[in-house]
Number of protein chains: 2
Amino acid sequence: MTASISFSATTGGAGAGTDGRSVGVVVPRSAHFDAPLPLQCGRSLPSYDIAYETYGTLNADRSNAVLICHALNASHHVAGVYADQPDNVGWWDNMVGPGKPLDTDRFFVVGVNNLGSCFGSTGPASTNPATGKPWGADFPLVTVEDWVDAQARLADRLGIESWAAVMGGSLGGMQALAWALRYPARTAHALVIAAAPNLSAENIAFNEVARQAIMGDPDFHAGDYYAAHTVPRTGLTLARMVGHITYLSDEQMEAKFGRQLREGLKFSFAPEFQIESYLRYQGEKFAEYYDANTYLRITKALDYFDPALATGGDLPAALAPITADCLVVSFTTDWRFPPSRSREIVGALVRDRHDVSYAEIDAPHGHDAFLLESPQYLAVVRAYFERIARSRKLPAHPQPGSTPMPAEPVARADHATIARWISPGARVLDLGCGDGKLLAHLAQTRAVTGYGLEIGDAGVLHSLEAGINVIQRDLDEGLAGFDDGAFDCVILSQTLQAMRNIEQVVAEMLRVGREAVVSFPNFGHWSHRWQILRGRMPVSDALPYQWFDTPNIHLCTVADFDAFLAARGYRVIERVVLRDGAPVHLAPNLVGEQALYRFCR
Amino acid sequence: MTASISFSATTGGAGAGTDGRSVGVVVPRSAHFDAPLPLQCGRSLPSYDIAYETYGTLNADRSNAVLICHALNASHHVAGVYADQPDNVGWWDNMVGPGKPLDTDRFFVVGVNNLGSCFGSTGPASTNPATGKPWGADFPLVTVEDWVDAQARLADRLGIESWAAVMGGSLGGMQALAWALRYPARTAHALVIAAAPNLSAENIAFNEVARQAIMGDPDFHAGDYYAAHTVPRTGLTLARMVGHITYLSDEQMEAKFGRQLREGLKFSFAPEFQIESYLRYQGEKFAEYYDANTYLRITKALDYFDPALATGGDLPAALAPITADCLVVSFTTDWRFPPSRSREIVGALVRDRHDVSYAEIDAPHGHDAFLLESPQYLAVVRAYFERIARSRKLPAHPQPGSTPMPAEPVARADHATIARWISPGARVLDLGCGDGKLLAHLAQTRAVTGYGLEIGDAGVLHSLEAGINVIQRDLDEGLAGFDDGAFDCVILSQTLQAMRNIEQVVAEMLRVGREAVVSFPNFGHWSHRWQILRGRMPVSDALPYQWFDTPNIHLCTVADFDAFLAARGYRVIERVVLRDGAPVHLAPNLVGEQALYRFCR
């Protein structure tokens, strides 16, 4: 089955503009299973087929296999083209191929079509062996968990005991999460992209509108329209139209269509605005190749997905069984599964002390962004697969620029002081971790574990490359989501003075950590005093900015910080003031350039 | 016609929690018009009825009349109840009544039902005099402008030459804007609430889904279903469901419904989640009383509304004919007509130098917020009607606390200096205008015109009470939307040091203004130098905050600001440094507490 499909609402051809080549011509395959598959609904599927494709080569120790799970209406056709359909490009061809972020020169990639689909795996239009007729309305309501169980049997068939990674966007991301949960030992890494821990009320509401549109169509015949030789085309068109709106961002739709008219105002109900004819076209095209019963079931699978249902809404408890390292990615303009939903997943994984990194990609395309080009997005996935390759001990990458980074000596004196203060094996949270080098150094020299928080794109990418768990986040929003006492030490290195709310951040550091380490430039240094005495705001090596463009908005002296801690009853365990990288003991507030404090409640 | 309707998706009974009383029992009225009404589509309506209600008493000089325009599916029943329907409360009963924000003890309020509706005014279900049958599909596609023209004839009939105000939310706000445009001499004030200058592509897309749902229903019979004695109930239900989603905010829907189940998972397509049954119920209830042809036409009227179509997309040019003072209000969680759309209206009015104020209300209810309780919202509308009452010379309000504010003497020395620098009649922009007193003082003493920008709710409300044009806005977002050289003077009083991007704000001031006036606390004051010399960050009367909690994030000295201006080639016209409110000339950077600069390019 090789229907030409594209989940992407905004692009037809994928792959343009990316590094790397296409996997070229591919051949869809099918696996038949005779053993009944028990389903979440209590029924079981007596026998079934799973359609799939593979790209790249499984290595001898079977350690390089990656599973790609698809979203709502995509399929197993992830990359490449079919010999007889050169325009039918796989839906993630920009992501998967030789030299691409998921590099098929190193990894063996499996694309799989879900049960209940209409693209090759057994679904409502397939023949029910018990009746010899199409399943129709009687096809069970399959769930994300059912899909994952079926995929696990396919993995058995392919001889893959453990996936290097399971990866997916949207509903595919939910499957990656479900894999990590149901098969922890078989899921080394999970890439959960543009997903959510469950659907919101609004998400369910849109799905329900789509279902009502299909089921209210007189051609639906209660789901048994195959025999009637009809298709609920009107309903399916409507369902796709409403769904399609939610895949795009408001701003992208505005940029692409705005209020463009087709031929001026007609004062009729025929399509007048371009967006109307575009939506109708998309809906009608979809209704030509997609099966309504499949659509109904996939929206239900989305509605049902909710790992925390079993734990009374406690997502950290629900995700506790996970052992995979996780990468979570969201997109700023995605209003179907907005970043806040991805942050829930990240927060739960952090609570459980899992290895997780999180990137929030600034992209204009709405939910569809996970299928599209975005340099930061592709770079983040590439960096993460580089890490996966290292952890799976795959041969070093042949391409230039991707050699593993050498362990750098820590040149910065403040880093050395901080390293001395951290107990071996400690749990550390590094606020404003920048390129991740301090945390990587602490991991290497003190075997610490933990997370770096960083707001900048470049820092997040470099931190991923440095191999640390990095979470993209604005520190000025506080540390909500981190448990009391979750860390042995919370570090704020050279960032205090740029924070908007000093009191909150210091209080939060001592809430989530047993100890806090803070370093900052000393405003009390004699050169600063001298400049102010002369009537000007100071500029120095430690404070290289002008008063009007400085990011340092809350400067203080050593004496100020002493008083600040004392007033709050915080206990200074150690204080080091540095001049030219060496500790000073005489008149530190006058001659010290940098101050480092280790303190606790 | 007195059908029980409520536009509000989230509340049934309005009026709870507001000050004031209900107007009590009201009686709907109808006016018949025999003169044909020319329509925008080129056709005309031969004769028609307009349903309306009135509350309060028209005063002798007919200066206290306010017109309320309704949104999508509301009616002329704005306030009060019907004698035989004590539960049928008007849709804006919380806003309109004795002692309420729009006080019927002072104002004569008219609620009107639009042409094409199904609540009393002539519409598709009415009899076409030419055929003796219902208009059905042949009823013209009426527009916002057509409604306003019909309302103007009703005003003639009621003897109202000029409205003290025309007011509406959502589609009603568009009518208020259209009134100000088409009948400038008859519209003294316009209150444009939760509206937009036109629909976005996404708005049109949702409307098109709703229309396709209705028109695809086999019971629609191409719009002539009255004869067939059917109703396109399925389509209308769907249309309302999808519309309803867009009235609510995601967060409100989540708080109200979340993932609550009705009776556990059933693995069927019957409603399982509460949000599903709620939506179905809302849709089905709506389909019982609302006419599908009306719904189609109202969505089209929304799609068509676009004053800037005639000016090639130039909204300021389109709004130029307006002479009304305008109040524009938006709500933070409204994603149907988000604040950015209201800001477009405000920006265009500002470009045209119209009198306009703008409030952005922080409310969780989404688009529906314009119908609901929110203290700041109701206070803003109340303050604006107080201003309208003054400008229409209505008798002073009998209630305590609402006496007109006395002209306060300006106690602040910096204000007096600034007033001296402003030419009489100048156009002034006051950045961070606070309570509006400086601008009110300048208006009173120097007859200046212009706007105050203010981010805080309290400041916006006080500025409205002070009678100035205030626009709620974050200065750190720059001055986009203000034309080059639009003002004689741009003032930044005691706000510079709290700005994030000093260079940008100063450059923007000199872009939109011929001259700039800046005042700030002098960090060079000897007491600050002394404290720093002693190794501590300074605290003083002028800088009363601690280093860690100060909003003053970019402090500077007089010498610094001198150097800043000089480096950019800006010319200082005058500089005054104050100590104890009096100018100092000797060592101003050492003894001055406050610095005031008047400068230009």
# chains A, B, ... in the order shown; residues from 1 in each chain; ligands from 1
$ residues_around --residues "range 113-122 of chain B" --least-positions-apart "6" --cutoff "10 Å" --atoms "only C-alpha atoms" --output "compact mmCIF listing (two decimals) with C-alpha atoms, in the first residue's frame"
# COMPACT_ATOMS: atom_id res chain seq x y z
CA MET B 1 -39.94 37.60 20.15
CA THR B 2 -38.37 36.70 23.45
CA ALA B 3 -36.39 33.51 23.00
CA SER B 4 -34.16 32.67 25.92
CA ILE B 5 -30.68 33.12 24.60
CA PRO B 28 -39.37 44.35 23.60
CA ARG B 29 -40.48 46.75 20.86
CA SER B 30 -40.50 46.68 17.11
CA ALA B 31 -40.25 49.40 14.49
CA HIS B 32 -41.46 48.90 10.94
CA LEU B 45 -34.48 45.24 1.42
CA SER B 47 -39.35 46.82 3.91
CA TYR B 48 -38.35 45.49 7.27
CA ASP B 49 -38.82 45.42 11.04
CA ILE B 50 -36.23 46.19 13.67
CA ALA B 51 -36.69 44.75 17.16
CA TYR B 52 -35.31 46.81 20.03
CA GLU B 53 -35.51 47.55 23.73
CA ILE B 68 -25.71 48.68 22.32
CA CYS B 69 -24.88 46.45 19.34
CA HIS B 70 -24.98 42.69 19.77
CA ALA B 71 -22.56 39.94 18.85
CA LEU B 72 -23.03 36.75 16.89
CA ASN B 73 -26.13 35.17 18.36
CA ALA B 74 -27.40 37.65 20.91
CA SER B 75 -30.29 40.06 20.49
CA HIS B 76 -31.85 43.36 21.52
CA HIS B 77 -32.52 41.90 24.96
CA VAL B 78 -29.52 43.54 26.64
CA ASN B 128 -40.69 37.86 1.69
CA TRP B 135 -37.10 34.56 2.39
CA PHE B 139 -32.47 36.68 1.99
CA PRO B 140 -29.55 38.96 1.14
CA LEU B 141 -26.09 38.64 2.71
CA VAL B 142 -26.27 41.65 5.00
CA THR B 143 -23.13 43.32 6.31
CA VAL B 144 -22.05 45.23 9.39
CA ASP B 146 -26.07 47.41 6.45
CA TRP B 147 -26.88 46.83 10.11
CA VAL B 148 -25.51 50.21 11.06
CA ALA B 150 -30.68 50.19 9.58
CA GLN B 151 -29.83 51.21 13.15
CA TYR B 289 -33.63 28.01 18.82
CA TYR B 290 -31.25 29.45 16.27
CA ASP B 291 -31.87 29.73 12.56
CA ALA B 292 -29.25 28.19 10.27
CA ASN B 293 -29.69 30.83 7.55
CA THR B 294 -29.09 33.52 10.16
CA TYR B 295 -25.96 31.77 11.34
CA LEU B 296 -24.61 31.56 7.81
CA ARG B 297 -25.23 35.25 7.23
CA ILE B 298 -23.77 36.42 10.50
$ interface_residues --of "chain B" --to "chain A" --cutoff "7 Å" --atoms "only C-alpha atoms" --output "mmCIF file with N, CA and C atoms, in the first residue's frame"
data_model
loop_
_atom_site.group_PDB
_atom_site.id
_atom_site.type_symbol
_atom_site.label_atom_id
_atom_site.label_comp_id
_atom_site.auth_asym_id
_atom_site.auth_seq_id
_atom_site.Cartn_x
_atom_site.Cartn_y
_atom_site.Cartn_z
ATOM 1 N N CYS B 41 -24.430 44.613 -0.792
ATOM 2 C CA CYS B 41 -24.325 43.614 -1.849
ATOM 3 C C CYS B 41 -24.908 44.112 -3.163
ATOM 4 N N LEU B 141 -27.226 38.693 1.763
ATOM 5 C CA LEU B 141 -26.094 38.639 2.705
ATOM 6 C C LEU B 141 -25.863 40.056 3.225
ATOM 7 N N SER B 200 -9.107 37.394 10.892
ATOM 8 C CA SER B 200 -7.872 36.765 10.415
ATOM 9 C C SER B 200 -8.224 35.559 9.553
ATOM 10 N N ALA B 201 -7.216 35.043 8.879
ATOM 11 C CA ALA B 201 -7.425 33.826 8.084
ATOM 12 C C ALA B 201 -7.954 32.695 8.970
ATOM 13 N N GLU B 202 -7.442 32.603 10.183
ATOM 14 C CA GLU B 202 -7.905 31.534 11.075
ATOM 15 C C GLU B 202 -9.368 31.739 11.458
ATOM 16 N N ALA B 205 -11.390 30.720 8.604
ATOM 17 C CA ALA B 205 -11.340 29.264 8.469
ATOM 18 C C ALA B 205 -12.366 28.596 9.390
ATOM 19 N N GLU B 208 -15.777 29.135 8.039
ATOM 20 C CA GLU B 208 -16.037 28.319 6.851
ATOM 21 C C GLU B 208 -16.370 26.877 7.249
ATOM 22 N N VAL B 209 -15.678 26.371 8.272
ATOM 23 C CA VAL B 209 -16.015 25.030 8.771
ATOM 24 C C VAL B 209 -17.479 25.011 9.220
ATOM 25 N N ALA B 213 -20.482 22.832 7.539
ATOM 26 C CA ALA B 213 -21.251 21.884 8.352
ATOM 27 C C ALA B 213 -22.744 22.081 8.106
ATOM 28 N N GLY B 216 -23.649 21.331 4.312
ATOM 29 C CA GLY B 216 -23.493 19.934 3.955
ATOM 30 C C GLY B 216 -24.553 19.045 4.589
ATOM 31 N N THR B 234 -28.131 18.840 12.549
ATOM 32 C CA THR B 234 -26.787 18.271 12.702
ATOM 33 C C THR B 234 -25.720 19.299 12.351
ATOM 34 N N LEU B 238 -23.018 21.181 14.902
ATOM 35 C CA LEU B 238 -21.579 21.173 14.657
ATOM 36 C C LEU B 238 -21.016 22.590 14.594
ATOM 37 N N MET B 241 -20.723 23.966 17.965
ATOM 38 C CA MET B 241 -19.664 23.311 18.741
ATOM 39 C C MET B 241 -18.302 23.918 18.412
ATOM 40 N N VAL B 242 -18.041 24.066 17.129
ATOM 41 C CA VAL B 242 -16.722 24.584 16.751
ATOM 42 C C VAL B 242 -16.604 26.056 17.143
ATOM 43 N N ASP B 250 -8.323 28.172 26.340
ATOM 44 C CA ASP B 250 -7.809 26.841 26.627
ATOM 45 C C ASP B 250 -7.740 26.622 28.140
ATOM 46 N N MET B 253 -11.210 26.232 29.790
ATOM 47 C CA MET B 253 -11.800 24.932 29.463
ATOM 48 C C MET B 253 -11.137 23.836 30.279
ATOM 49 N N GLU B 254 -9.829 23.991 30.458
ATOM 50 C CA GLU B 254 -9.082 23.005 31.230
ATOM 51 C C GLU B 254 -9.517 23.043 32.690
ATOM 52 N N PHE B 257 -13.290 21.654 32.745
ATOM 53 C CA PHE B 257 -13.578 20.274 32.328
ATOM 54 C C PHE B 257 -12.368 19.353 32.430
ATOM 55 N N GLY B 258 -11.210 19.857 32.006
ATOM 56 C CA GLY B 258 -10.034 19.000 32.009
ATOM 57 C C GLY B 258 -10.330 17.679 31.324
ATOM 58 N N ARG B 259 -9.917 16.601 31.949
ATOM 59 C CA ARG B 259 -10.145 15.279 31.371
ATOM 60 C C ARG B 259 -11.188 14.505 32.187
ATOM 61 N N PHE B 267 -14.630 2.822 25.665
ATOM 62 C CA PHE B 267 -14.145 2.384 24.355
ATOM 63 C C PHE B 267 -15.274 2.363 23.335
ATOM 64 N N ILE B 275 -16.277 17.216 28.635
ATOM 65 C CA ILE B 275 -16.225 18.267 27.625
ATOM 66 C C ILE B 275 -17.007 17.854 26.382
ATOM 67 N N GLU B 276 -17.032 16.542 26.072
ATOM 68 C CA GLU B 276 -17.781 16.073 24.908
ATOM 69 C C GLU B 276 -19.279 16.278 25.099
ATOM 70 N N ASN B 501 15.790 48.402 27.739
ATOM 71 C CA ASN B 501 16.620 48.763 26.599
ATOM 72 C C ASN B 501 16.654 50.280 26.438
ATOM 73 N N ILE B 502 17.618 50.887 27.109
ATOM 74 C CA ILE B 502 17.719 52.343 27.163
ATOM 75 C C ILE B 502 17.971 52.931 25.773
ATOM 76 N N GLU B 503 18.912 52.340 25.069
ATOM 77 C CA GLU B 503 19.259 52.891 23.759
ATOM 78 C C GLU B 503 18.037 52.916 22.857
ATOM 79 N N GLY B 524 24.881 59.800 40.683
ATOM 80 C CA GLY B 524 26.137 60.461 41.054
ATOM 81 C C GLY B 524 26.047 61.265 42.338
ATOM 82 N N ARG B 529 27.661 57.986 46.146
ATOM 83 C CA ARG B 529 29.109 57.764 46.038
ATOM 84 C C ARG B 529 29.697 57.355 47.392
ATOM 85 N N ILE B 532 28.900 53.768 48.248
ATOM 86 C CA ILE B 532 29.698 52.835 47.456
ATOM 87 C C ILE B 532 31.154 52.863 47.899
ATOM 88 N N LEU B 533 31.609 54.049 48.221
ATOM 89 C CA LEU B 533 32.983 54.154 48.711
ATOM 90 C C LEU B 533 33.150 53.288 49.960
ATOM 91 N N GLY B 535 31.679 50.614 50.314
ATOM 92 C CA GLY B 535 31.585 49.215 49.904
ATOM 93 C C GLY B 535 30.174 48.666 49.829
ATOM 94 N N ARG B 536 29.161 49.544 49.810
ATOM 95 C CA ARG B 536 27.785 49.057 49.737
ATOM 96 C C ARG B 536 27.040 49.735 48.602
ATOM 97 N N MET B 537 26.025 49.030 48.047
ATOM 98 C CA MET B 537 25.170 49.652 47.051
ATOM 99 C C MET B 537 24.293 50.674 47.767
ATOM 100 N N TRP B 547 19.576 46.726 46.527
ATOM 101 C CA TRP B 547 20.155 46.279 45.252
ATOM 102 C C TRP B 547 19.400 45.071 44.677
ATOM 103 N N PHE B 548 18.842 44.224 45.557
ATOM 104 C CA PHE B 548 18.278 42.958 45.076
ATOM 105 C C PHE B 548 16.810 43.064 44.687
ATOM 106 N N ASP B 549 16.140 44.128 45.131
ATOM 107 C CA ASP B 549 14.717 44.213 44.804
ATOM 108 C C ASP B 549 14.378 45.498 44.042
ATOM 109 N N ILE B 553 16.982 49.250 37.089
ATOM 110 C CA ILE B 553 17.958 48.276 36.616
ATOM 111 C C ILE B 553 19.037 48.901 35.741
ATOM 112 N N HIS B 554 18.875 50.164 35.379
ATOM 113 C CA HIS B 554 19.895 50.834 34.569
ATOM 114 C C HIS B 554 20.112 52.240 35.107
ATOM 115 N N LEU B 555 20.808 52.317 36.221
ATOM 116 C CA LEU B 555 21.061 53.609 36.853
ATOM 117 C C LEU B 555 22.213 54.314 36.170
ATOM 118 N N CYS B 556 22.218 55.637 36.268
ATOM 119 C CA CYS B 556 23.327 56.394 35.710
ATOM 120 C C CYS B 556 23.460 57.719 36.449
ATOM 121 N N THR B 557 24.576 58.367 36.196
ATOM 122 C CA THR B 557 24.842 59.674 36.798
ATOM 123 C C THR B 557 24.556 60.746 35.749
ATOM 124 N N ALA B 559 26.707 62.811 34.719
ATOM 125 C CA ALA B 559 27.843 62.774 33.797
ATOM 126 C C ALA B 559 27.674 61.642 32.774
ATOM 127 N N ASP B 560 27.153 60.506 33.233
ATOM 128 C CA ASP B 560 26.912 59.396 32.305
ATOM 129 C C ASP B 560 25.921 59.797 31.223
ATOM 130 N N ASN B 589 26.298 67.058 39.464
ATOM 131 C CA ASN B 589 26.419 65.593 39.494
ATOM 132 C C ASN B 589 26.716 65.092 40.902
#
$ residues_around --residues "Ile573 in chain B" --least-positions-apart "5" --cutoff "10 Å" --atoms "only C-alpha atoms" --output "ChimeraX atom specification"
/B:421,515-517,597-600
$ atom_distance --atom1 "CA of Asp219 in chain B" --atom2 "CA of Gly136 in chain A"
26.1 Å
$ atom_distance --atom1 "CA of Val576 in chain B" --atom2 "CA of Ser527 in chain A"
29.3 Å
$ select_by_dssp --residues "range 288-415 of chain A" --states "alpha helix (DSSP H)" --output "ChimeraX atom specification"
/A:288-289,292-304,315-319,339-351,375-391,413-415
$ closest_residue --among "A:Val470, A:Leu315, A:Val192, A:Ala180" --to "Tyr358 in chain A" --atoms "only C-alpha atoms"
A:Val470
$ closest_residue --among "B:Gln494, B:Thr187, B:Ser340, B:Thr449" --to "Arg473 in chain B" --atoms "only C-alpha atoms"
B:Ser340
$ residues_around --residues "Ile361 in chain A" --least-positions-apart "6" --cutoff "8 Å" --atoms "only C-alpha atoms" --output "list in words"
Val329, Ser330, Phe331, Thr332, Gln376 and Tyr377 of chain A
$ write_last_selection --atoms "all heavy atoms" --output "PDB file, in the first residue's frame"
ATOM      1  N   VAL A 329      11.087  17.836  22.827  1.00  0.00           N
ATOM      2  CA  VAL A 329      11.194  19.033  21.989  1.00  0.00           C
ATOM      3  C   VAL A 329       9.797  19.610  21.772  1.00  0.00           C
ATOM      4  O   VAL A 329       8.843  18.870  21.524  1.00  0.00           O
ATOM      5  CB  VAL A 329      11.824  18.695  20.614  1.00  0.00           C
ATOM      6  CG1 VAL A 329      11.892  19.945  19.726  1.00  0.00           C
ATOM      7  CG2 VAL A 329      13.214  18.096  20.781  1.00  0.00           C
ATOM      8  N   SER A 330       9.685  20.921  21.888  1.00  0.00           N
ATOM      9  CA  SER A 330       8.411  21.577  21.570  1.00  0.00           C
ATOM     10  C   SER A 330       8.678  22.785  20.682  1.00  0.00           C
ATOM     11  O   SER A 330       9.828  23.166  20.462  1.00  0.00           O
ATOM     12  CB  SER A 330       7.699  22.012  22.853  1.00  0.00           C
ATOM     13  OG  SER A 330       8.351  23.134  23.411  1.00  0.00           O
ATOM     14  N   PHE A 331       7.595  23.377  20.186  1.00  0.00           N
ATOM     15  CA  PHE A 331       7.703  24.502  19.255  1.00  0.00           C
ATOM     16  C   PHE A 331       6.843  25.659  19.753  1.00  0.00           C
ATOM     17  O   PHE A 331       5.684  25.462  20.124  1.00  0.00           O
ATOM     18  CB  PHE A 331       7.271  24.063  17.848  1.00  0.00           C
ATOM     19  CG  PHE A 331       8.125  22.951  17.312  1.00  0.00           C
ATOM     20  CD1 PHE A 331       7.793  21.625  17.560  1.00  0.00           C
ATOM     21  CD2 PHE A 331       9.301  23.225  16.632  1.00  0.00           C
ATOM     22  CE1 PHE A 331       8.594  20.587  17.112  1.00  0.00           C
ATOM     23  CE2 PHE A 331      10.113  22.202  16.175  1.00  0.00           C
ATOM     24  CZ  PHE A 331       9.762  20.875  16.418  1.00  0.00           C
ATOM     25  N   THR A 332       7.426  26.852  19.719  1.00  0.00           N
ATOM     26  CA  THR A 332       6.801  28.001  20.382  1.00  0.00           C
ATOM     27  C   THR A 332       5.391  28.304  19.884  1.00  0.00           C
ATOM     28  O   THR A 332       4.546  28.700  20.669  1.00  0.00           O
ATOM     29  CB  THR A 332       7.662  29.270  20.201  1.00  0.00           C
ATOM     30  OG1 THR A 332       8.006  29.407  18.821  1.00  0.00           O
ATOM     31  CG2 THR A 332       8.916  29.190  21.033  1.00  0.00           C
ATOM     32  N   GLN A 376      17.738  25.068  14.290  1.00  0.00           N
ATOM     33  CA  GLN A 376      17.969  24.697  15.682  1.00  0.00           C
ATOM     34  C   GLN A 376      17.363  23.316  15.975  1.00  0.00           C
ATOM     35  O   GLN A 376      17.961  22.492  16.656  1.00  0.00           O
ATOM     36  CB  GLN A 376      17.373  25.770  16.609  1.00  0.00           C
ATOM     37  CG  GLN A 376      17.407  25.449  18.101  1.00  0.00           C
ATOM     38  CD  GLN A 376      18.781  25.577  18.740  1.00  0.00           C
ATOM     39  OE1 GLN A 376      19.755  25.963  18.091  1.00  0.00           O
ATOM     40  NE2 GLN A 376      18.867  25.237  20.014  1.00  0.00           N
ATOM     41  N   TYR A 377      16.178  23.079  15.453  1.00  0.00           N
ATOM     42  CA  TYR A 377      15.486  21.802  15.656  1.00  0.00           C
ATOM     43  C   TYR A 377      16.329  20.646  15.107  1.00  0.00           C
ATOM     44  O   TYR A 377      16.635  19.680  15.830  1.00  0.00           O
ATOM     45  CB  TYR A 377      14.130  21.884  14.962  1.00  0.00           C
ATOM     46  CG  TYR A 377      13.327  20.613  14.847  1.00  0.00           C
ATOM     47  CD1 TYR A 377      13.257  19.688  15.872  1.00  0.00           C
ATOM     48  CD2 TYR A 377      12.578  20.373  13.689  1.00  0.00           C
ATOM     49  CE1 TYR A 377      12.484  18.538  15.748  1.00  0.00           C
ATOM     50  CE2 TYR A 377      11.795  19.233  13.558  1.00  0.00           C
ATOM     51  CZ  TYR A 377      11.760  18.317  14.585  1.00  0.00           C
ATOM     52  OH  TYR A 377      10.997  17.190  14.462  1.00  0.00           O
TER      53      TYR A 377
END
$ closest_residue --among "B:Ala379, B:Ile388, B:Ile193, B:Leu181" --to "Gly467 in chain B" --atoms "only C-alpha atoms"
B:Ile388
$ select_by_dssp --residues "range 216-412 of chain B" --states "strand (DSSP E)" --output "MDAnalysis selection string"
chainID B and resid 325:331 356:361
$ write_last_selection --atoms "C-alpha atoms" --output "compact mmCIF listing (two decimals), in the first residue's frame"
# COMPACT_ATOMS: atom_id res chain seq x y z
CA ASP B 325 -13.53 59.53 21.08
CA CYS B 326 -12.85 55.81 21.29
CA LEU B 327 -12.28 53.30 24.04
CA VAL B 328 -10.82 50.01 22.88
CA VAL B 329 -10.76 47.04 25.27
CA SER B 330 -9.28 43.58 24.81
CA PHE B 331 -8.79 40.51 26.99
CA VAL B 356 -8.42 56.92 21.91
CA SER B 357 -7.82 54.99 25.10
CA TYR B 358 -6.99 51.32 25.32
CA ALA B 359 -7.23 48.81 28.17
CA GLU B 360 -5.96 45.25 28.03
CA ILE B 361 -7.84 43.28 30.66
$ atom_distance --atom1 "CA of Val231 in chain A" --atom2 "CA of Ile214 in chain A"
9.8 Å
$ residues_around --residues "Cys489 in chain A" --least-positions-apart "6" --cutoff "7 Å" --atoms "only C-alpha atoms" --output "PDB file with N, CA and C atoms, in the first residue's frame"
ATOM      1  N   ARG A 427      24.065  15.379  43.440  1.00  0.00           N
ATOM      2  CA  ARG A 427      23.021  15.793  42.474  1.00  0.00           C
ATOM      3  C   ARG A 427      23.100  17.316  42.382  1.00  0.00           C
ATOM      4  N   VAL A 428      23.327  17.789  41.168  1.00  0.00           N
ATOM      5  CA  VAL A 428      23.593  19.212  40.971  1.00  0.00           C
ATOM      6  C   VAL A 428      22.607  19.824  39.973  1.00  0.00           C
ATOM      7  N   LEU A 429      22.149  21.030  40.265  1.00  0.00           N
ATOM      8  CA  LEU A 429      21.354  21.811  39.316  1.00  0.00           C
ATOM      9  C   LEU A 429      22.146  23.077  39.012  1.00  0.00           C
ATOM     10  N   GLY A 513      17.641  22.830  46.750  1.00  0.00           N
ATOM     11  CA  GLY A 513      18.963  22.275  47.022  1.00  0.00           C
ATOM     12  C   GLY A 513      19.324  22.359  48.496  1.00  0.00           C
ATOM     13  N   ARG A 514      20.151  21.444  48.949  1.00  0.00           N
ATOM     14  CA  ARG A 514      20.658  21.505  50.322  1.00  0.00           C
ATOM     15  C   ARG A 514      21.605  22.681  50.480  1.00  0.00           C
ATOM     16  N   GLU A 515      22.433  22.861  49.436  1.00  0.00           N
ATOM     17  CA  GLU A 515      23.391  23.962  49.444  1.00  0.00           C
ATOM     18  C   GLU A 515      23.264  24.765  48.159  1.00  0.00           C
ATOM     19  N   ALA A 516      23.688  26.021  48.251  1.00  0.00           N
ATOM     20  CA  ALA A 516      23.719  26.867  47.063  1.00  0.00           C
ATOM     21  C   ALA A 516      25.132  27.375  46.849  1.00  0.00           C
TER      22      ALA A 516
END
$ residues_around --residues "Leu453 in chain A" --least-positions-apart "3" --cutoff "7 Å" --atoms "only C-alpha atoms" --output "list in words"
Asp430, Leu431, Gly432, Cys433, Val470, Ile471, Gln472 and Arg473 of chain A
